[in-house]
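In what follows, a single structure is set out as C-alpha cells and then discussed.
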Amino acid sequence: MGTALVTGATSGIGLELAWQLATSRHRLVLVARSADRLEKVAHQIRSAAAVKVEVLPADLSTRAGRDAVVDRIRQAHRPVGLLVNNAGFGLGQHLLDGELAREEEALEVMVRAVLVLSKAAAEAMVARGRGAILNVSSMSAFTAMGTYAAHKAWVLTFTEALAGELSGTGVTATALCPGLVRTEFHQRSGVDADAWPDAGWIDVERVAAAGLAAVRRGQVVVTPSLRYTALAAGLRLAPRRLVRAV
C-alpha cells in the first residue's frame with residue numbers, strides 16, 4: 001500500500017508497472033505528456049483495480065514539466081513512497097547526421113529528469129525514513145550503441161551511486177536493465193524489431209514484475225531473465241574494444 005508515481009506511464013514498461021502496482025493496491029500518480037492518454041489509462045485502472053489514480057500531464061523535457069512533478073513528489077498529503085523514472089524514447093538516429101534538438105530532448109528526459117526527480121524523492125523519503133526509487137535503465141547501458149546507450153549508462157551508474165548514499169536511511173534505489181521488450185518503443189523510434197531474433201525478446205509483464213520484486217528486496221541492479229543477466233556479466237568483463245566492435 002502507498003502512492004507510486006510513474007513517469008512515461010501510458011505505454012510500454014511504464015504502463016505495465018502501473019497496472020502491477022495497482023493490482024497490489026498502490027495508489028498511483030501517472031505522468032506523461034498526453035493528457036488524453038493519461039485520462040484513458042487512469043479510467044481503465046480505476047475501473048479494473050478500484051484504486052485512486054491521479055494524472056499529471058507533464059513534459060519532462062522542459063523545466064516547467066519537471067518542476068510540476070517535483071512539486072507533487074514533495075507534497076506531504078498522500079506522499080510518494082515509490083518513484084518510478086521510466087520516461088524515455090529511442091532516438092532513431094545517429095549523432096552525426098541526426099537532429100541536435102532531438103538529442104537534447106532525450107538528454108533532458110532520460111538524464112536531467114531522472115536526476116531532478118530522484119533528488120526530490122530521495123530527500124522527501126529520507127525525511128520520512130522509508131521509500132524507494134526505481135530507475136529504468138537498459139541492457140544498452142553495458143554497450144556503446146550511441147547516445148541512448150550513454151544516457152542509460154548514466155542512469156545505471158547514477159542509481160548505483162544513489163543507492164550507496166541512501167544506505168541505512170530506509171530508502172532504496174534500484175536500476176532495472178531490461179533487454180529487448182515487445183512494446184511500442186521500437187516502432188516509435190523507427191527501429192525494425194524484426195531485425196532481432198525472437199529468442200532475444202522478453203515479455204513486458206516479466207520485466208515489470210522483476211523490477212518490482214527487486215524493489216521489495218532492496219536490490220540495486222536487476223536484469224530480467226538469466227539470458228540477459230549472463231549477457232550483462234559478459235559485457236562488463238569483456239574488453240571495451242570488443243564491446244565497441246560488437
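Naming scheme: A, B, ... for chains in displayed order of the C-alpha cells; residues 1 onward per chain; ligands 1 onward as shown.
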- [ ] From a DSSP calculation on the backbone, collect every residue of range 16-85 of chain A in strand (DSSP E) and output the set as number ranges by chain.
- [x] A: 27-32, 53-57, 80-85
Task: Proximity to Ser118 in chain A - best of A:Gly131, A:Pro57, A:Gly65, A:Pro224, only C-alpha atoms - done: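 So, comparing all the options, the nearest one is A:Gly131.
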Residue contacts of Ala210 in chain A (9 Å, only C-alpha atoms) excluding same-chain residues fewer than 4 positions away, as an mmCIF file with N, CA, C and O atoms, in the first residue's frame:
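around02.cif, written as the output of this step:
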data_model
loop_
_atom_site.group_PDB
_atom_site.id
_atom_site.type_symbol
_atom_site.label_atom_id
_atom_site.label_comp_id
_atom_site.auth_asym_id
_atom_site.auth_seq_id
_atom_site.Cartn_x
_atom_site.Cartn_y
_atom_site.Cartn_z
ATOM 1 N N LEU A 176 16.633 -0.910 -13.168
ATOM 2 C CA LEU A 176 16.091 -2.018 -13.952
ATOM 3 C C LEU A 176 16.706 -1.964 -15.345
ATOM 4 O O LEU A 176 16.601 -0.944 -16.035
ATOM 5 N N GLU A 205 5.444 -8.036 -19.079
ATOM 6 C CA GLU A 205 4.944 -8.394 -17.759
ATOM 7 C C GLU A 205 6.069 -8.934 -16.866
ATOM 8 O O GLU A 205 6.140 -8.629 -15.676
ATOM 9 N N ARG A 206 6.942 -9.708 -17.472
ATOM 10 C CA ARG A 206 8.065 -10.280 -16.723
ATOM 11 C C ARG A 206 9.054 -9.199 -16.316
ATOM 12 O O ARG A 206 9.617 -9.241 -15.210
ATOM 13 N N ALA A 214 12.591 -6.642 -7.291
ATOM 14 C CA ALA A 214 13.902 -6.132 -6.873
ATOM 15 C C ALA A 214 13.747 -4.970 -5.896
ATOM 16 O O ALA A 214 14.515 -4.842 -4.936
ATOM 17 N N VAL A 215 12.761 -4.118 -6.131
ATOM 18 C CA VAL A 215 12.494 -3.010 -5.207
ATOM 19 C C VAL A 215 12.145 -3.553 -3.828
ATOM 20 O O VAL A 215 12.650 -3.069 -2.810
ATOM 21 N N VAL A 222 18.939 -4.911 -11.343
ATOM 22 C CA VAL A 222 18.244 -6.126 -11.744
ATOM 23 C C VAL A 222 18.196 -6.195 -13.269
ATOM 24 O O VAL A 222 17.881 -5.223 -13.949
ATOM 25 N N THR A 223 18.545 -7.368 -13.795
ATOM 26 C CA THR A 223 18.485 -7.633 -15.232
ATOM 27 C C THR A 223 17.549 -8.818 -15.436
ATOM 28 O O THR A 223 17.912 -9.948 -15.122
ATOM 29 N N PRO A 224 16.331 -8.591 -15.911
ATOM 30 C CA PRO A 224 15.361 -9.679 -16.048
ATOM 31 C C PRO A 224 15.863 -10.783 -16.977
ATOM 32 O O PRO A 224 16.415 -10.496 -18.042
ATOM 33 N N SER A 225 15.680 -12.010 -16.577
ATOM 34 C CA SER A 225 16.000 -13.244 -17.294
ATOM 35 C C SER A 225 17.463 -13.630 -17.129
ATOM 36 O O SER A 225 18.360 -12.760 -17.122
#
TODO: Could you pull out the residues in range 20-156 of chain A that DSSP calls alpha helix (DSSP H) from the backbone, as an NGL selection string?
DONE: :A and (20-23 or 35-49 or 63-73 or 100-107 or 113-128 or 146-156)
Task: Near-Glu39 in chain A list (12 Å; only C-alpha atoms; drop same-chain fewer than 3 positions) as a ChimeraX atom specification - done: /A:9-10,29-36,42-46,53-57
Open item on the list: Show me, as a VMD selection string, the residues that have an atom within 8 Å of Leu95 in chain A when counting only C-alpha atoms, minus same-chain residues fewer than 5 positions from it.
Closed with: chain A and resid 100 103 146 to 147
Output all heavy atoms for every residue in the selection just made, as a compact mmCIF listing (two decimals), in the first residue's frame.
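As written to disk, part12.txt reads:
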# COMPACT_ATOMS: atom_id res chain seq x y z
N LEU A 100 20.14 17.77 -33.62
CA LEU A 100 20.65 18.10 -32.30
C LEU A 100 19.51 18.33 -31.30
O LEU A 100 19.61 17.95 -30.13
CB LEU A 100 21.52 19.35 -32.37
CG LEU A 100 22.12 19.83 -31.05
CD1 LEU A 100 22.98 18.74 -30.41
CD2 LEU A 100 22.93 21.11 -31.25
N GLU A 103 18.46 15.13 -29.80
CA GLU A 103 19.47 14.66 -28.84
C GLU A 103 19.32 15.40 -27.51
O GLU A 103 19.41 14.79 -26.44
CB GLU A 103 20.87 14.87 -29.40
CG GLU A 103 21.20 14.07 -30.64
CD GLU A 103 21.44 12.59 -30.36
OE1 GLU A 103 21.55 12.22 -29.17
OE2 GLU A 103 21.50 11.82 -31.34
N GLY A 146 25.56 4.20 -29.23
CA GLY A 146 25.04 5.54 -29.45
C GLY A 146 24.69 6.29 -28.17
O GLY A 146 24.96 5.85 -27.05
N THR A 147 24.07 7.46 -28.34
CA THR A 147 23.79 8.32 -27.20
C THR A 147 22.70 7.74 -26.30
O THR A 147 22.69 8.01 -25.10
CB THR A 147 23.38 9.72 -27.66
OG1 THR A 147 22.34 9.64 -28.63
CG2 THR A 147 24.57 10.45 -28.27
